[in-house]
file query_32.txt (compact mmCIF, C-alpha atoms and all ligand atoms)
# COMPACT_ATOMS: atom_id res chain seq x y z
CA MET A 110 57.64 -111.56 46.71
CA ALA A 111 56.60 -114.70 48.58
CA SER A 112 59.66 -116.65 47.49
CA SER A 113 61.93 -113.73 48.26
CA SER A 114 60.56 -113.38 51.78
CA SER A 115 60.76 -117.12 52.47
CA SER A 116 64.40 -117.28 51.41
CA ARG A 117 64.93 -114.21 53.56
CA SER A 118 63.60 -116.03 56.60
CA ALA A 119 65.78 -119.01 55.67
CA ALA A 120 68.77 -116.69 55.72
CA ALA A 121 67.66 -115.27 59.06
CA ALA A 122 67.26 -118.78 60.48
CA ALA A 123 70.80 -119.63 59.40
CA VAL A 124 72.06 -116.57 61.27
CA VAL A 125 70.18 -117.64 64.39
CA LEU A 126 71.83 -121.08 64.29
CA VAL A 127 75.31 -119.61 64.03
CA VAL A 128 74.59 -117.35 66.96
CA ALA A 129 73.07 -120.06 69.14
CA ALA A 130 76.29 -122.02 68.75
CA LEU A 131 78.21 -119.12 70.24
CA CYS A 132 76.18 -118.99 73.42
CA LEU A 133 78.29 -121.13 75.69
CA HIS A 134 77.55 -120.26 79.27
CA GLY A 135 80.18 -120.11 81.94
CA VAL A 136 83.10 -120.95 79.67
CA THR A 137 84.44 -117.51 78.94
CA ALA A 138 82.90 -114.10 79.28
CA GLN A 139 81.32 -114.13 75.86
CA LEU A 140 78.37 -112.23 74.54
CA CYS A 141 75.19 -114.25 74.44
CA ALA A 142 71.68 -113.86 73.07
CA ASP A 143 69.92 -114.88 76.28
CA TYR A 144 72.08 -112.81 78.64
CA TYR A 145 69.12 -110.97 80.22
CA ASP A 146 66.60 -113.83 80.05
CA SER A 147 66.52 -114.30 83.81
CA THR A 148 67.51 -110.81 84.99
CA CYS A 149 65.44 -108.65 82.64
CA PRO A 150 63.39 -110.86 80.36
CA ASN A 151 61.49 -107.98 78.76
CA ALA A 152 64.57 -105.87 78.00
CA PHE A 153 64.24 -106.20 74.23
CA ASP A 154 60.53 -105.42 74.22
CA ILE A 155 61.04 -102.43 76.49
CA VAL A 156 63.62 -100.94 74.13
CA LYS A 157 61.37 -101.69 71.18
CA ARG A 158 58.42 -99.91 72.76
CA VAL A 159 60.52 -96.78 73.40
CA LEU A 160 61.76 -96.79 69.80
CA ILE A 161 58.32 -97.20 68.28
CA ASN A 162 57.12 -94.32 70.40
CA ALA A 163 60.06 -92.08 69.39
CA HIS A 164 59.52 -92.92 65.72
CA ARG A 165 56.02 -91.43 65.85
CA SER A 166 57.49 -87.94 65.94
CA ASP A 167 60.86 -88.62 64.29
CA THR A 168 60.97 -90.81 61.18
CA ARG A 169 64.75 -90.48 61.07
CA ILE A 170 65.37 -91.94 64.53
CA PHE A 171 65.95 -95.55 63.40
CA ALA A 172 68.78 -94.47 61.11
CA SER A 173 70.27 -92.25 63.79
CA LEU A 174 70.29 -95.07 66.34
CA ILE A 175 72.11 -97.63 64.21
CA ARG A 176 74.74 -94.99 63.49
CA LEU A 177 75.26 -94.55 67.26
CA HIS A 178 76.00 -98.27 67.62
CA PHE A 179 78.52 -98.03 64.76
CA HIS A 180 80.24 -94.99 66.24
CA ASP A 181 80.26 -96.65 69.66
CA CYS A 182 81.73 -99.95 68.45
CA PHE A 183 84.48 -98.40 66.33
CA VAL A 184 85.92 -96.44 69.26
CA GLN A 185 87.27 -98.54 72.13
CA GLY A 186 84.81 -101.34 71.27
CA CYS A 187 81.04 -101.50 71.87
CA ASP A 188 81.10 -100.12 75.39
CA GLY A 189 78.78 -97.12 75.45
CA SER A 190 81.81 -94.80 75.49
CA LEU A 191 80.12 -92.59 72.90
CA LEU A 192 77.23 -91.89 75.29
CA LEU A 193 79.28 -90.29 78.07
CA ASP A 194 79.06 -86.52 78.41
CA SER A 195 82.29 -84.58 78.88
CA LEU A 196 84.11 -84.74 82.20
CA PRO A 197 87.06 -82.57 83.24
CA GLY A 198 90.06 -84.07 81.42
CA MET A 199 87.85 -86.48 79.45
CA PRO A 200 86.12 -84.72 76.57
CA SER A 201 83.08 -86.49 75.23
CA GLU A 202 83.32 -88.42 71.95
CA LYS A 203 80.10 -86.61 71.08
CA THR A 204 82.09 -83.40 70.63
CA SER A 205 84.60 -84.76 68.10
CA ALA A 206 84.27 -83.78 64.45
CA PRO A 207 82.68 -87.05 63.23
CA ASN A 208 79.96 -86.78 65.90
CA ASN A 209 79.47 -83.12 66.77
CA GLY A 210 76.25 -81.78 65.29
CA SER A 211 75.71 -85.10 63.56
CA ALA A 212 75.34 -88.00 65.99
CA ARG A 213 71.79 -87.88 67.32
CA GLY A 214 69.25 -89.97 69.18
CA PHE A 215 70.82 -89.62 72.63
CA ASN A 216 67.52 -88.62 74.22
CA VAL A 217 65.90 -91.79 72.94
CA VAL A 218 68.75 -93.86 74.40
CA ASP A 219 68.12 -92.03 77.69
CA ALA A 220 64.41 -92.86 77.46
CA ALA A 221 65.19 -96.55 76.85
CA LYS A 222 67.60 -96.51 79.78
CA ALA A 223 65.01 -94.91 82.06
CA ALA A 224 62.41 -97.50 81.09
CA LEU A 225 64.87 -100.33 81.71
CA GLU A 226 65.96 -98.89 85.06
CA ALA A 227 62.30 -98.78 86.09
CA ALA A 228 61.79 -102.43 85.13
CA CYS A 229 65.11 -103.95 86.21
CA PRO A 230 67.42 -101.47 87.93
CA GLY A 231 71.14 -101.71 87.29
CA VAL A 232 70.92 -104.65 84.90
CA VAL A 233 70.98 -103.65 81.24
CA SER A 234 74.07 -101.83 79.96
CA CYS A 235 73.95 -98.78 77.72
CA ALA A 236 76.20 -100.54 75.21
CA ASP A 237 73.64 -103.35 74.95
CA ILE A 238 70.83 -100.80 74.53
CA LEU A 239 72.63 -99.52 71.41
CA ALA A 240 73.05 -103.06 70.07
CA MET A 241 69.36 -103.85 70.61
CA ALA A 242 68.27 -100.49 69.21
CA ALA A 243 70.30 -101.10 66.05
CA GLU A 244 68.58 -104.41 65.38
CA ILE A 245 65.11 -103.13 66.20
CA SER A 246 65.66 -100.10 63.95
CA VAL A 247 66.65 -102.23 60.97
CA GLU A 248 63.85 -104.72 61.51
CA LEU A 249 61.18 -102.03 61.85
CA SER A 250 62.44 -100.37 58.67
CA GLY A 251 61.92 -103.50 56.58
CA GLY A 252 65.39 -104.99 56.92
CA PRO A 253 66.60 -108.33 58.27
CA SER A 254 66.37 -109.46 61.88
CA TRP A 255 69.13 -111.14 63.77
CA CYS A 256 69.76 -112.52 67.19
CA VAL A 257 71.44 -109.71 69.17
CA LEU A 258 74.33 -110.84 71.34
CA LEU A 259 74.31 -109.23 74.77
CA GLY A 260 76.31 -108.96 77.96
CA ARG A 261 78.51 -105.94 77.31
CA LEU A 262 79.45 -103.66 80.19
CA ASP A 263 79.76 -99.90 79.90
CA SER A 264 83.15 -98.25 79.87
CA LYS A 265 84.47 -95.99 82.58
CA THR A 266 86.32 -93.94 79.98
CA SER A 267 85.68 -92.27 76.67
CA ASP A 268 88.20 -91.80 73.86
CA PHE A 269 87.85 -88.45 72.15
CA ASN A 270 91.07 -88.89 70.17
CA GLY A 271 90.02 -92.34 69.04
CA SER A 272 86.75 -90.96 67.74
CA LEU A 273 88.67 -88.58 65.46
CA ASP A 274 89.76 -91.66 63.49
CA LEU A 275 86.24 -92.85 62.67
CA PRO A 276 85.77 -93.55 58.95
CA ALA A 277 85.33 -90.23 57.15
CA PRO A 278 83.21 -89.47 54.08
CA THR A 279 86.34 -88.24 52.30
CA ASP A 280 88.30 -91.46 52.96
CA ASN A 281 89.38 -93.43 49.90
CA LEU A 282 88.85 -97.18 49.67
CA THR A 283 92.33 -98.05 50.94
CA VAL A 284 91.84 -96.01 54.09
CA LEU A 285 88.35 -97.43 54.67
CA GLN A 286 89.71 -100.96 54.33
CA GLN A 287 92.51 -100.17 56.79
CA LYS A 288 90.08 -98.76 59.34
CA PHE A 289 87.79 -101.79 59.08
CA ASN A 290 90.59 -104.36 58.95
CA ALA A 291 92.09 -102.89 62.12
CA LEU A 292 88.89 -104.09 63.84
CA ASN A 293 88.91 -107.49 62.14
CA LEU A 294 86.24 -106.47 59.65
CA ASP A 295 86.88 -107.54 56.07
CA ASP A 296 85.73 -106.29 52.66
CA VAL A 297 82.36 -108.06 52.96
CA ASP A 298 81.79 -106.35 56.30
CA LEU A 299 82.82 -102.99 54.85
CA VAL A 300 80.46 -103.27 51.90
CA ALA A 301 77.59 -104.80 53.87
CA LEU A 302 77.77 -102.33 56.76
CA SER A 303 78.03 -99.38 54.40
CA GLY A 304 74.57 -100.52 53.30
CA GLY A 305 73.42 -98.81 56.51
CA HIS A 306 73.26 -95.79 54.21
CA THR A 307 70.03 -97.17 52.80
CA PHE A 308 68.20 -94.86 55.20
CA GLY A 309 68.77 -91.65 57.12
CA ARG A 310 70.08 -88.23 56.19
CA VAL A 311 73.30 -86.46 55.32
CA GLN A 312 74.21 -82.81 55.74
CA CYS A 313 75.39 -80.80 52.77
CA GLN A 314 78.79 -80.21 54.39
CA PHE A 315 79.66 -83.88 53.90
CA ILE A 316 79.02 -83.92 50.18
CA THR A 317 80.69 -80.68 49.09
CA ASP A 318 83.89 -82.52 48.13
CA PRO A 319 82.33 -84.79 45.50
CA LEU A 320 80.19 -81.89 44.27
CA TYR A 321 82.84 -79.17 44.07
CA ASN A 322 86.31 -80.34 44.98
CA PHE A 323 86.85 -84.03 44.23
CA SER A 324 90.28 -85.15 45.48
CA GLY A 325 91.31 -81.49 45.76
CA THR A 326 90.78 -80.92 42.01
CA ASN A 327 88.28 -78.07 42.44
CA MET A 328 86.06 -80.11 40.10
CA PRO A 329 83.16 -82.48 40.77
CA ASP A 330 83.69 -86.22 41.03
CA PRO A 331 83.75 -87.19 37.32
CA THR A 332 82.18 -90.58 38.10
CA LEU A 333 79.07 -89.08 39.76
CA ASP A 334 75.92 -89.39 37.63
CA SER A 335 75.38 -85.96 36.08
CA ALA A 336 71.63 -85.71 36.72
CA TYR A 337 72.15 -86.68 40.35
CA ARG A 338 74.98 -84.16 40.62
CA ALA A 339 72.72 -81.44 39.21
CA PHE A 340 70.04 -82.37 41.75
CA LEU A 341 72.48 -82.31 44.66
CA THR A 342 74.12 -79.10 43.51
CA GLN A 343 70.72 -77.45 43.71
CA ARG A 344 70.10 -78.89 47.17
CA CYS A 345 73.59 -78.00 48.37
CA PRO A 346 74.83 -74.86 46.60
CA ARG A 347 78.50 -74.06 47.02
CA ASN A 348 78.04 -71.47 49.77
CA GLY A 349 74.71 -72.73 51.02
CA ASN A 350 73.65 -73.98 54.45
CA PRO A 351 76.21 -76.64 55.45
CA THR A 352 73.74 -78.41 57.74
CA ALA A 353 70.85 -78.74 55.24
CA LEU A 354 69.72 -82.36 55.06
CA ASN A 355 69.42 -84.77 52.14
CA ASN A 356 68.30 -88.36 51.97
CA LEU A 357 71.15 -90.86 51.88
CA ASP A 358 68.94 -93.04 49.67
CA PRO A 359 66.75 -90.78 47.52
CA THR A 360 64.67 -93.69 46.18
CA THR A 361 63.32 -95.09 49.47
CA PRO A 362 64.60 -92.70 52.17
CA ASP A 363 63.31 -94.51 55.26
CA THR A 364 63.23 -98.12 54.13
CA PHE A 365 65.96 -100.64 54.78
CA ASP A 366 66.50 -102.30 51.40
CA ASN A 367 69.31 -102.84 48.88
CA HIS A 368 68.81 -99.57 47.03
CA TYR A 369 72.07 -98.28 48.48
CA TYR A 370 73.80 -100.69 46.10
CA THR A 371 71.53 -100.16 43.11
CA ASN A 372 72.17 -96.41 43.53
CA ILE A 373 75.93 -96.97 43.50
CA GLU A 374 75.61 -99.12 40.39
CA VAL A 375 74.25 -96.08 38.53
CA ASN A 376 76.90 -93.77 40.04
CA ARG A 377 74.58 -92.28 42.62
CA GLY A 378 76.65 -92.97 45.70
CA ILE A 379 76.16 -89.82 47.73
CA LEU A 380 79.34 -89.87 49.83
CA ASN A 381 82.77 -90.28 48.33
CA SER A 382 83.22 -93.28 50.65
CA ASP A 383 80.09 -94.87 49.12
CA GLN A 384 81.00 -94.46 45.47
CA GLU A 385 84.60 -95.57 46.20
CA LEU A 386 83.33 -99.09 46.94
CA LYS A 387 82.43 -99.48 43.28
CA SER A 388 84.26 -96.83 41.27
CA SER A 389 87.77 -96.58 42.63
CA PRO A 390 90.46 -98.50 40.70
CA GLU A 391 91.25 -100.40 43.91
CA ALA A 392 87.63 -101.62 44.10
CA GLN A 393 87.97 -103.76 41.01
CA GLY A 394 88.23 -107.37 42.11
CA THR A 395 87.79 -106.41 45.79
CA THR A 396 84.71 -104.47 46.90
CA ALA A 397 83.10 -103.80 43.49
CA PRO A 398 81.97 -107.42 42.98
CA ILE A 399 80.39 -107.39 46.46
CA VAL A 400 78.47 -104.21 45.59
CA ASP A 401 77.31 -105.96 42.40
CA GLN A 402 76.19 -109.00 44.36
CA PHE A 403 74.15 -107.01 46.90
CA ALA A 404 72.65 -104.85 44.14
CA GLY A 405 71.51 -108.04 42.46
CA SER A 406 70.22 -109.83 45.53
CA GLN A 407 68.56 -108.20 48.51
CA ASP A 408 68.52 -111.59 50.24
CA ASP A 409 72.31 -111.83 49.95
CA PHE A 410 72.62 -108.31 51.34
CA PHE A 411 70.28 -109.00 54.25
CA ALA A 412 72.09 -112.20 55.23
CA ALA A 413 75.50 -110.51 55.01
CA PHE A 414 74.30 -107.41 56.85
CA ALA A 415 72.95 -109.46 59.76
CA GLN A 416 76.25 -111.34 60.08
CA SER A 417 78.32 -108.16 59.76
CA MET A 418 76.27 -106.43 62.46
CA ILE A 419 77.09 -109.34 64.76
CA ASN A 420 80.75 -109.02 63.77
CA MET A 421 80.69 -105.29 64.48
CA GLY A 422 78.89 -105.88 67.78
CA ASN A 423 81.70 -108.23 68.79
CA ILE A 424 84.43 -105.58 68.59
CA LYS A 425 86.36 -105.68 71.88
CA PRO A 426 83.44 -106.69 74.08
CA LEU A 427 83.91 -105.26 77.56
CA THR A 428 82.87 -108.03 79.95
CA ASP A 429 85.40 -107.70 82.78
CA PRO A 430 83.57 -106.25 85.83
CA SER A 431 86.81 -104.71 87.07
CA GLN A 432 86.97 -102.63 83.87
CA GLY A 433 83.33 -101.77 83.28
CA GLU A 434 79.96 -101.23 84.90
CA VAL A 435 76.28 -101.05 84.08
CA ARG A 436 75.70 -97.32 84.07
CA LYS A 437 72.52 -96.07 85.73
CA ASN A 438 72.58 -93.04 83.44
CA CYS A 439 74.17 -93.53 80.03
CA ARG A 440 75.67 -90.04 80.13
CA ARG A 441 77.56 -90.46 83.40
CA LEU A 442 79.73 -92.89 85.32
CA ASN A 443 77.99 -94.40 88.35
C1 LIG A 501 82.15 -96.88 55.76
C2 LIG A 501 82.38 -95.78 56.42
C3 LIG A 501 81.31 -94.78 56.76
C4 LIG A 501 81.39 -93.44 56.55
C5 LIG A 501 82.55 -92.68 55.96
C6 LIG A 501 80.14 -92.88 56.99
C7 LIG A 501 79.84 -91.53 56.98
C8 LIG A 501 78.61 -90.99 57.26
C9 LIG A 501 78.27 -89.61 57.16
C10 LIG A 501 79.22 -88.50 56.78
C11 LIG A 501 76.97 -89.48 57.49
C12 LIG A 501 76.14 -88.20 57.52
C13 LIG A 501 76.15 -87.61 58.90
C14 LIG A 501 75.49 -86.25 58.93
O1 LIG A 501 75.28 -85.65 57.87
O2 LIG A 501 75.18 -85.75 60.04
C15 LIG A 501 76.47 -90.78 57.79
C16 LIG A 501 75.17 -91.05 58.16
C17 LIG A 501 74.72 -92.31 58.46
N1 LIG A 501 75.47 -93.46 58.57
FE1 LIG A 501 77.38 -93.68 57.96
N2 LIG A 501 79.34 -93.88 57.46
C18 LIG A 501 80.01 -95.06 57.34
C19 LIG A 501 79.57 -96.29 57.76
C20 LIG A 501 78.34 -96.53 58.33
C21 LIG A 501 77.96 -97.76 58.95
C22 LIG A 501 78.89 -98.96 59.15
C23 LIG A 501 76.67 -97.62 59.34
C24 LIG A 501 75.77 -98.60 60.05
C25 LIG A 501 75.86 -99.90 59.93
C26 LIG A 501 76.26 -96.29 58.97
C27 LIG A 501 75.00 -95.78 59.16
C28 LIG A 501 74.64 -94.48 58.91
C29 LIG A 501 73.27 -93.99 59.00
C30 LIG A 501 72.05 -94.81 59.29
C31 LIG A 501 73.33 -92.62 58.76
C32 LIG A 501 72.17 -91.62 58.82
C33 LIG A 501 72.04 -91.15 60.24
C34 LIG A 501 70.93 -90.14 60.50
O3 LIG A 501 70.10 -89.87 59.63
O4 LIG A 501 70.89 -89.62 61.63
N3 LIG A 501 77.30 -95.65 58.39
N4 LIG A 501 77.49 -91.70 57.66
C1 LIG A 502 80.17 -78.51 68.12
O1 LIG A 502 79.29 -77.82 67.27
C2 LIG A 502 78.76 -76.65 67.81
C3 LIG A 502 77.81 -76.02 66.81
O2 LIG A 502 77.07 -76.99 66.14
C4 LIG A 502 79.87 -75.68 68.12
O3 LIG A 502 79.35 -74.51 68.74
C5 LIG A 502 80.88 -76.33 69.04
O4 LIG A 502 81.99 -75.47 69.22
C6 LIG A 502 81.35 -77.64 68.47
N1 LIG A 502 82.20 -78.31 69.46
C7 LIG A 502 83.42 -78.71 69.19
C8 LIG A 502 84.16 -79.37 70.29
O5 LIG A 502 83.94 -78.59 68.10
C1 LIG A 503 94.75 -86.49 72.34
O1 LIG A 503 95.46 -85.80 71.32
C2 LIG A 503 95.96 -84.55 71.73
C3 LIG A 503 96.53 -83.83 70.52
O2 LIG A 503 97.25 -84.70 69.72
C4 LIG A 503 97.03 -84.79 72.82
O3 LIG A 503 97.54 -83.56 73.27
C5 LIG A 503 96.38 -85.54 73.98
O4 LIG A 503 97.37 -85.87 74.92
C6 LIG A 503 95.69 -86.79 73.51
N1 LIG A 503 94.96 -87.36 74.60
C7 LIG A 503 95.10 -88.60 74.98
C8 LIG A 503 94.28 -89.03 76.15
O5 LIG A 503 95.81 -89.40 74.40
C1 LIG A 504 94.23 -92.88 49.99
O1 LIG A 504 94.38 -91.85 50.95
C2 LIG A 504 95.58 -91.90 51.69
C3 LIG A 504 95.53 -90.86 52.79
O2 LIG A 504 95.09 -89.64 52.29
C4 LIG A 504 96.75 -91.70 50.73
O3 LIG A 504 97.98 -91.78 51.43
C5 LIG A 504 96.70 -92.76 49.65
O4 LIG A 504 97.70 -92.50 48.68
C6 LIG A 504 95.35 -92.79 48.97
N1 LIG A 504 95.29 -93.97 48.11
C7 LIG A 504 94.86 -93.92 46.87
C8 LIG A 504 94.90 -95.17 46.11
O5 LIG A 504 94.44 -92.89 46.38
C1 LIG A 505 89.93 -78.35 47.67
O1 LIG A 505 90.59 -79.42 48.34
C2 LIG A 505 91.97 -79.14 48.54
C3 LIG A 505 92.61 -80.41 49.09
O2 LIG A 505 91.82 -81.01 50.06
C4 LIG A 505 92.12 -77.95 49.47
O3 LIG A 505 93.47 -77.66 49.69
C5 LIG A 505 91.42 -76.75 48.83
O4 LIG A 505 91.44 -75.66 49.73
C6 LIG A 505 89.98 -77.08 48.49
N1 LIG A 505 89.37 -76.00 47.76
C7 LIG A 505 88.26 -75.39 48.15
C8 LIG A 505 87.74 -74.30 47.27
O5 LIG A 505 87.66 -75.72 49.15

call {"tool": "encode", "arguments": {"input": "query_32.txt", "output": "structure tokens"}}
result
Amino acid sequence: MASSSSSRSAAAAAVVLVVAALCLHGVTAQLCADYYDSTCPNAFDIVKRVLINAHRSDTRIFASLIRLHFHDCFVQGCDGSLLLDSLPGMPSEKTSAPNNGSARGFNVVDAAKAALEAACPGVVSCADILAMAAEISVELSGGPSWCVLLGRLDSKTSDFNGSLDLPAPTDNLTVLQQKFNALNLDDVDLVALSGGHTFGRVQCQFITDPLYNFSGTNMPDPTLDSAYRAFLTQRCPRNGNPTALNNLDPTTPDTFDNHYYTNIEVNRGILNSDQELKSSPEAQGTTAPIVDQFAGSQDDFFAAFAQSMINMGNIKPLTDPSQGEVRKNCRRLN
């Protein structure tokens, strides 16, 4: 364990160096690790304190928060658009199918925002709160740390239609690759970020296809491990409660580790989109070898995950003050 954790910190140090090189002040409006150092030096610790407190009564919250950052970044860039409540003529992204009844943790984001407004009013954006919360959540769950780039503004719009195109659990590998590539994320990013499914929960409604109607065949996914299928069929009977919850990673449900990949290796990918990364014909020579690599080396996974989170956090950063603002309340425009 000692050697594994020291090479892990070596990997983390390498990530920090890469990031430090990106922090050029005053050149262009670029995200930067020390963005709040003079205006709100305790921002990170304030968010962390709120998260630790929330976790006392909700062990799932860390998983829920990283998913919010993902669903924010993939729609219109990482700009807090997901957090806006509905306005006349501008339905909230929260109400679209990929989010409704599924995206959660908004009250904790509100609590972090309130604490930050008390300490440094009008300074820290909601989009940056999600980016910090994602890192803190992974770190506190046993995963890697990385240097969070900051300086995003919050959007003045949301994009309900855009949120309909979020990656879906029924997507095949080709569609997943297209959705990631459209945001400049490659196969390594796709496989590494999917490793977010090492913790958190999934509702039965999202796994009925692989259990009962794989690719419209009215049959289970033939590649799914039969004992695992039997277990899930019991948890999620055909006409059972669609919102009943299951662990995404049954081996270590709340720990951030590489079991997501070792599960896939034994055909225990819970979502179709998970098992596709290894089992689909198109995965051979593309994503399957990356799954193998991360299953074999948690250090490789952690280093790649940290870099891919930075890549995802860099999607269309909103830094132009004429286009964005620092919301006082994450749910509303100022
Ligand atoms: C590759 C495409 C992806 C698809 C199709 C997908 C789909 C899903 C689905 C269907 C759920 C269950 C939601 C529910 O039952 O309410 C879920 C949960 C989750 N996803 Fe993903 N996801 C993807 C990528 C990601 C990424 C990139 C991350 C983060 C880096 C992530 C992190 C999570 C987490 C942590 C949960 C559990 C949330 C909770 O317990 O509240 N997912 N995902
Ligand atoms: C969101 O889900 C709730 C029930 O969970 C439902 O009543 C509501 O109609 C849904 N909203 C949309 C926009 O689909
Ligand atoms: C969203 O999609 C609906 C249905 O396709 C369309 O009527 C509406 O104009 C779209 N909204 C925007 C803002 O593009
Ligand atoms: C993946 O899904 C898309 C959209 O449903 C479909 O057009 C395509 O043929 C599928 N690709 C494979 C290889 O199954
Ligand atoms: C199975 O999937 C197909 C294609 O998606 C769909 O047309 C069919 O209604 C589904 N069957 C059931 C029983 O849900």

call {"tool": "residues_near_ligand", "arguments": {"input": "query_32.txt", "ligand": "ligand LIG 503 (chain A)", "cutoff": "10 Å", "atoms": "all atoms listed in the file", "output": "mmCIF file with C-alpha atoms, in the frame of the given file"}}
result
data_model
loop_
_atom_site.group_PDB
_atom_site.id
_atom_site.type_symbol
_atom_site.label_atom_id
_atom_site.label_comp_id
_atom_site.auth_asym_id
_atom_site.auth_seq_id
_atom_site.Cartn_x
_atom_site.Cartn_y
_atom_site.Cartn_z
ATOM 1 C CA GLY A 198 90.060 -84.070 81.420
ATOM 2 C CA MET A 199 87.850 -86.480 79.450
ATOM 3 C CA PRO A 200 86.120 -84.720 76.570
ATOM 4 C CA SER A 267 85.680 -92.270 76.670
ATOM 5 C CA ASP A 268 88.200 -91.800 73.860
ATOM 6 C CA PHE A 269 87.850 -88.450 72.150
ATOM 7 C CA ASN A 270 91.070 -88.890 70.170
ATOM 8 C CA GLY A 271 90.020 -92.340 69.040
ATOM 9 C CA LEU A 273 88.670 -88.580 65.460
#

call {"tool": "closest_residue", "arguments": {"input": "query_32.txt", "among": "A:Gly231, A:Pro331, A:Pro362, A:Pro207", "to": "A:Gly251", "atoms": "all atoms listed in the file"}}
result
A:Pro362

call {"tool": "residues_near_ligand", "arguments": {"input": "query_32.txt", "ligand": "ligand LIG 502 (chain A)", "cutoff": "6 Å", "atoms": "all atoms listed in the file", "output": "PDB file with C-alpha atoms, keeping the file's coordinate frame"}}
result
ATOM      1  CA  THR A 204      82.090 -83.400  70.630  1.00  0.00           C
ATOM      2  CA  SER A 205      84.600 -84.760  68.100  1.00  0.00           C
ATOM      3  CA  ASN A 209      79.470 -83.120  66.770  1.00  0.00           C
ATOM      4  CA  GLY A 210      76.250 -81.780  65.290  1.00  0.00           C
TER       5      GLY A 210
END

call {"tool": "residues_around", "arguments": {"input": "query_32.txt", "residues": "A:Asp298", "least_positions_apart": "6", "cutoff": "9 Å", "atoms": "only C-alpha atoms", "output": "list in words"}}
result
Phe289, Ala413, Phe414, Gln416, Ser417, Met418, Asn420 and Met421 of chain A

call {"tool": "write_last_selection", "arguments": {"input": "query_32.txt", "atoms": "C-alpha atoms", "output": "compact mmCIF listing (two decimals), in the coordinates of the input"}}
result
# COMPACT_ATOMS: atom_id res chain seq x y z
CA PHE A 289 87.79 -101.79 59.08
CA ALA A 413 75.50 -110.51 55.01
CA PHE A 414 74.30 -107.41 56.85
CA GLN A 416 76.25 -111.34 60.08
CA SER A 417 78.32 -108.16 59.76
CA MET A 418 76.27 -106.43 62.46
CA ASN A 420 80.75 -109.02 63.77
CA MET A 421 80.69 -105.29 64.48

call {"tool": "closest_residue", "arguments": {"input": "query_32.txt", "among": "A:Gly309, A:Gly325, A:Pro390, A:Gly422", "to": "A:Leu282", "atoms": "all atoms listed in the file"}}
result
A:Pro390

call {"tool": "closest_atom_pairs", "arguments": {"input": "query_32.txt", "of": "chain A", "to": "ligand LIG 505 (chain A)", "cutoff": "7 Å", "atoms": "all atoms listed in the file", "output": "CSV"}}
result
residue,atom,partner,partner_atom,distance
A:Asn322,CA,A:LIG505,C1,4.9
A:Ser324,CA,A:LIG505,O2,6.4
A:Gly325,CA,A:LIG505,O1,3.4
A:Thr326,CA,A:LIG505,C1,6.3
A:Asn327,CA,A:LIG505,C1,5.5

call {"tool": "write_last_selection", "arguments": {"input": "query_32.txt", "atoms": "C-alpha atoms", "output": "PDB file, in the coordinates of the input"}}
result
ATOM      1  CA  ASN A 322      86.310 -80.340  44.980  1.00  0.00           C
ATOM      2  CA  SER A 324      90.280 -85.150  45.480  1.00  0.00           C
ATOM      3  CA  GLY A 325      91.310 -81.490  45.760  1.00  0.00           C
ATOM      4  CA  THR A 326      90.780 -80.920  42.010  1.00  0.00           C
ATOM      5  CA  ASN A 327      88.280 -78.070  42.440  1.00  0.00           C
TER       6      ASN A 327
END

call {"tool": "closest_residue", "arguments": {"input": "query_32.txt", "among": "A:Thr352, A:Thr307, A:Gln286, A:Asn216", "to": "A:Leu174", "atoms": "all atoms listed in the file"}}
result
A:Asn216

call {"tool": "residues_near_ligand", "arguments": {"input": "query_32.txt", "ligand": "ligand LIG 504 (chain A)", "cutoff": "8 Å", "atoms": "all atoms listed in the file", "output": "list in words"}}
result
Asp280, Asn281, Leu282, Thr283, Val284, Pro390 and Glu391 of chain A

call {"tool": "atom_distance", "arguments": {"input": "query_32.txt", "atom1": "atom CA of A:His180", "atom2": "atom CA of A:His368"}}
result
22.8 Å

call {"tool": "atom_distance", "arguments": {"input": "query_32.txt", "atom1": "atom CA of A:Leu299", "atom2": "atom CA of A:Ser264"}}
result
25.5 Å
